[in-house]
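A quick write-up on the structure given underneath.
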Amino acid sequence: MFVKLLTIVFFSLLSQFPESSSQALDFTYNGFLPPLTDISLEGIATVTPNGLLKLTNYTIQKTGHAFYTKPIRFKDLPNGTVSSFSTTFVFAIHSEIPSLSGYGMAFVVAPNPRLRYATASQYMGLFNITSDGNVTNHVFAIEFDTIQSPKFSDTDDNHVGIDINSLISVESSPAGYWDIKGQFKNLTLISRKRMQVWVDYDTHTHQIDVTMAPFRNDKPNKPLVSVVRDLSSVLLQDMFVGFSSATGSILSEHYVLGWSFRVKGNAPPLDLSKLPKLPRWERKRIYNIFKTWMPSVCIFLIPFLFISTIIILVRFVVKRRRKFKEELEDWETRLGKNRMKFKDLYYATEGFDEKDVLGSGGFGTVYRGVMLKTKKEIAVKRVSSKSHQGLKEFVSEVVSIGRMSHRNLVPLLGYCRRRDELLLVYEYMPNGSLDKYLHDSPEVTLDWKRRIKVIKGVASALFYLHEEWEQVVIHRDIKASNVLLDSEYNGRLGDFGLARLCGHGSDPQTTLVAGTWGYLAPDHVRTGRATTATDIFAFGVLLLEVACGRRPIEIQNENGDQRVFILDWVFGFWNEGNILDAKDTKLGTEYDRTEVEMVLKLGLLCSHSNPHARPTMRQVLHYLMGDATLPDLSPSDLRGNEMMRLEIHQGLSETGMFTCGSSMVNSIVSASSGR
């Protein structure tokens, strides 16, 4: 009875274990001589007559798989831990081009021997673009990669890596081995030489070791790649083992010469003497053809390349010269150093790059630049014109003005003339133009001390132009945007594009109105004649603009048909007995009341409608410096200014439009309000 009961218990326990007759635990292949009943081949994988497992051939963008057909039981229970396992194999990689390689190969443990959706090239027949990295892959692989793929964070193009569900290795190392002296020796995977690999997994420590060595060397004591990973969540109870490889644009052949595997123990050793030999590779036909025809090809190719290079260089030089071509007429030779090269200005402004634009308007565009040789900062005004009439006279006057030297003038360094454009080169003023501080930026402004300093500087410059230089210079375009500030916020008068010269005691013979609307004197609009008095009128408007922080003309409604002249506006406050109420509110309380009042009244006096009633710049400078006291004026003394706006409108209707006195710079005139 006891024996019968024991028998029943034994068979009952036995029935609880899964059937294992179809699962293999170990195998050994010392070569792969056909017929092979336990190895399945997919893709371009084949077996050679002498027993080589050839995973790939010279076919581009293809995959090759070779798997042991029987499933391997890696777990005793479906949810158990993975048993220890070990494998060893001998492989070799032959590249069509010895110095380059196609893609590598891998030892694979997968749930299915048919990886049908895996792609070639960098995916090595293991995954595709969508499956790479998925935990549902249940794939463990040892890759022997011969292409560096940044996408997979490869360290180089000759490495060995441990892959788990992804081609981004959890651990990798350059291919090689540790010799008995503990020194690392490199191995080149595409060297066409045979190499042996050992892969070991320990179920207790979960350590994965990958070791490799040259053919016929003993297994090194120190593994090449080692990492601790529990494969129980990666591998299923029954898995398939095999090899995968792929080709790309550069072709390679991947060979496995022998292979053994065992679960719960070390892989059986291979009989290296029985392994098949690799083929004796000969140079490909294309290489032989190349070598045969190379001398003949060189005879024609080298002269062709030489001639082509010469043609390209000549075209480059011609194009470059044409790009920087300038016209130099006889009359310009006497101007000497004032003429500058377009090439130097082109490189100084980085090809007139838009990021270096300082400003633009009807006159053209101004660029900031740095001269390459001297490192001097410059401002280049690029003026275009379709007319060449008066060019000689215009340039001569510009160059003459360039000889002037005053601390409150923006130095004109020179000019450049090229095709239909003119370039004027000035010294760069780092703090930009005055109008920026008065109108453009509410957050950035100037206190009164700096404003009066700027006013005195511009007055000193105008006095120099009108009375101190060898000729009388009529600037004709005095406005806030033409007053530039240097590094110490000194006011410097610039932009002499409209300036005219005449002898002392005479006026320039101009009959066309030139300047900026809002700064034009009524007498200049009416007659077209520019005099020192018309400059003083514009300076008077500038005085009011600096003190009030308002533009010369401001639009009061959206339609733009109601405009307020700053002259009328300030005069209105003065007429009411509170002229200081016209001051700029941004000045706060830190200002000299007497000085501000004097500047406002002087501005109205300078902009008197009667040119003979305006003071000279010598008198203006005396008032500003405190050397003379401004006459005790009253609104009745300037009552004639009430008709000023009417006179300006009449002058505008008579002239029809504002045009420049020189046809070379018709585009210089800015018709925008206060600019």
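Just so we're on the same page: first chain in the structure tokens is A, next is B, and so on; residues restart at 1 for each chain, and ligands are numbered from 1 in the order they show up.
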Practice item. Enumerate as a PyMOL selection string all residues of segment 379-580 of chain A assigned to strand (DSSP E) by DSSP on the backbone, naming them with the chain letters and numbers the document uses. Key: chain A and resi 379-384+412-418+421-427+472-474+483-485+491-493+500-502+553-555+563-565
Practice item. With a distance cut-off of 10 Å and only C-alpha atoms, select the neighbouring residues of segment 378-383 of chain A, excluding the residue or stretch itself and same-chain residues fewer than 4 positions from it, and output the selection as a count of residues only. Key: 44
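With only C-alpha atoms as the atoms that count, the minimum distance from Leu231 of chain A to the choices A:Leu53, A:Leu465, A:Ala141, A:Leu126 is reached by A:Ala141.
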Exercise for review: Give me the residues within 8 Å of Asn128 of chain A as a count of residues only, counting only C-alpha atoms and dropping any in the same chain fewer than 2 places off.
Suggested key: 9
Practice item. Just the residues within 9 Å of segment 596-606 of chain A, please, counting only C-alpha atoms, with nothing from its chain fewer than 4 positions along; format it as a PyMOL selection string. Key: chain A and resi 448+452+533+536-545+547-548+567+570-571+574+579-580+582-583+591-592+611+613-616+620+623-624+630+633+638+641
Just to be explicit: take each residue in the selection above, keep C-alpha atoms, and write the result as a PDB file, in the first residue's frame.
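Writing the result to selection-v9.pdb gives the following:
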ATOM      1  CA  TRP A 448      20.121 118.851 -18.393  1.00  0.00           C
ATOM      2  CA  ILE A 452      23.417 121.918 -22.412  1.00  0.00           C
ATOM      3  CA  ALA A 533      20.932 132.505 -41.272  1.00  0.00           C
ATOM      4  CA  ILE A 536      20.831 129.423 -37.425  1.00  0.00           C
ATOM      5  CA  PHE A 537      17.075 128.940 -37.897  1.00  0.00           C
ATOM      6  CA  ALA A 538      17.529 125.132 -37.878  1.00  0.00           C
ATOM      7  CA  PHE A 539      19.783 125.462 -34.823  1.00  0.00           C
ATOM      8  CA  GLY A 540      17.020 127.415 -33.073  1.00  0.00           C
ATOM      9  CA  VAL A 541      14.564 124.597 -33.736  1.00  0.00           C
ATOM     10  CA  LEU A 542      17.171 122.161 -32.384  1.00  0.00           C
ATOM     11  CA  LEU A 543      17.479 124.245 -29.182  1.00  0.00           C
ATOM     12  CA  LEU A 544      13.717 124.004 -28.622  1.00  0.00           C
ATOM     13  CA  GLU A 545      13.745 120.285 -29.438  1.00  0.00           C
ATOM     14  CA  ALA A 547      14.813 121.671 -24.159  1.00  0.00           C
ATOM     15  CA  CYS A 548      11.251 120.435 -24.788  1.00  0.00           C
ATOM     16  CA  LEU A 567       7.812 127.063 -32.532  1.00  0.00           C
ATOM     17  CA  VAL A 570       6.721 127.137 -27.166  1.00  0.00           C
ATOM     18  CA  PHE A 571       5.667 130.617 -28.205  1.00  0.00           C
ATOM     19  CA  TRP A 574       5.790 132.243 -23.485  1.00  0.00           C
ATOM     20  CA  ILE A 579       7.564 129.454 -20.862  1.00  0.00           C
ATOM     21  CA  LEU A 580       9.199 126.945 -18.474  1.00  0.00           C
ATOM     22  CA  ALA A 582       7.372 123.902 -22.254  1.00  0.00           C
ATOM     23  CA  LYS A 583      10.437 122.115 -20.848  1.00  0.00           C
ATOM     24  CA  TYR A 591      17.961 121.508 -13.971  1.00  0.00           C
ATOM     25  CA  ASP A 592      18.950 125.189 -14.005  1.00  0.00           C
ATOM     26  CA  PRO A 611      16.489 136.214 -41.124  1.00  0.00           C
ATOM     27  CA  ALA A 613      16.559 139.446 -36.756  1.00  0.00           C
ATOM     28  CA  ARG A 614      18.390 136.176 -36.026  1.00  0.00           C
ATOM     29  CA  PRO A 615      21.666 136.397 -34.087  1.00  0.00           C
ATOM     30  CA  THR A 616      24.941 135.204 -35.597  1.00  0.00           C
ATOM     31  CA  VAL A 620      24.706 132.587 -29.946  1.00  0.00           C
ATOM     32  CA  TYR A 623      24.903 133.751 -24.908  1.00  0.00           C
ATOM     33  CA  LEU A 624      25.385 130.036 -24.242  1.00  0.00           C
ATOM     34  CA  LEU A 630      20.408 137.488 -23.860  1.00  0.00           C
ATOM     35  CA  LEU A 633      12.848 139.823 -24.944  1.00  0.00           C
ATOM     36  CA  LEU A 638       8.765 137.980 -31.747  1.00  0.00           C
ATOM     37  CA  ASN A 641       6.644 134.415 -35.699  1.00  0.00           C
TER      38      ASN A 641
END
Check your understanding: Leaving out Ile72 of chain A and any residue of its chain fewer than 2 positions from it, which residues lie within 10 Å of it when counting only C-alpha atoms, given as number ranges by chain?
Key -> A: 20, 22-26, 68-70, 74-75, 109, 111, 236-241, 261-263
Got a sec: who's within 9 Å of Ser83 of chain A, counting only C-alpha atoms, leaving out chain neighbours fewer than 4 positions off, as a compact mmCIF listing (two decimals) with C-alpha atoms, in the first residue's frame?
# COMPACT_ATOMS: atom_id res chain seq x y z
CA ARG A 73 14.85 26.30 -21.74
CA PHE A 74 16.36 29.22 -19.81
CA LYS A 75 13.95 29.00 -16.80
CA ASP A 76 12.69 26.02 -14.83
CA TYR A 201 25.84 34.49 -17.50
CA ASP A 202 25.75 33.65 -13.77
CA THR A 203 22.26 33.06 -12.32
CA HIS A 204 23.39 33.90 -8.76
CA SER A 232 14.82 37.18 -15.71
CA VAL A 263 22.54 25.94 -20.04
CA LYS A 264 23.56 25.33 -16.38
Study note, to complete from the structure: Separating atom CA of Ser86 of chain A from atom CA of Asn266 of chain A, to the nearest tenth of an Å, is a gap of 5.3 Å
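For the pair atom CA of Pro214 of chain A and atom CA of Ser191 of chain A, the separation is 11.2 Å.
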Point to revise | Nearest to Val199 of chain A by atom-to-atom distance, counting only C-alpha atoms, from A:Ala246, A:Leu167, A:Val108, A:Ile180 | key: A:Val108
Check your understanding: Leaving out Leu434 of chain A and any residue of its chain fewer than 5 positions from it, which residues lie within 6 Å of it when counting only C-alpha atoms, given as a ChimeraX atom specification?
Key -> /A:480-481,483-484
Mind dumping the selected residues with C-alpha atoms as a PDB file, in the first residue's frame?
ATOM      1  CA  ALA A 480      18.854 116.018 -33.892  1.00  0.00           C
ATOM      2  CA  SER A 481      19.566 112.883 -35.910  1.00  0.00           C
ATOM      3  CA  VAL A 483      24.068 115.357 -33.919  1.00  0.00           C
ATOM      4  CA  LEU A 484      26.085 112.367 -32.736  1.00  0.00           C
TER       5      LEU A 484
END
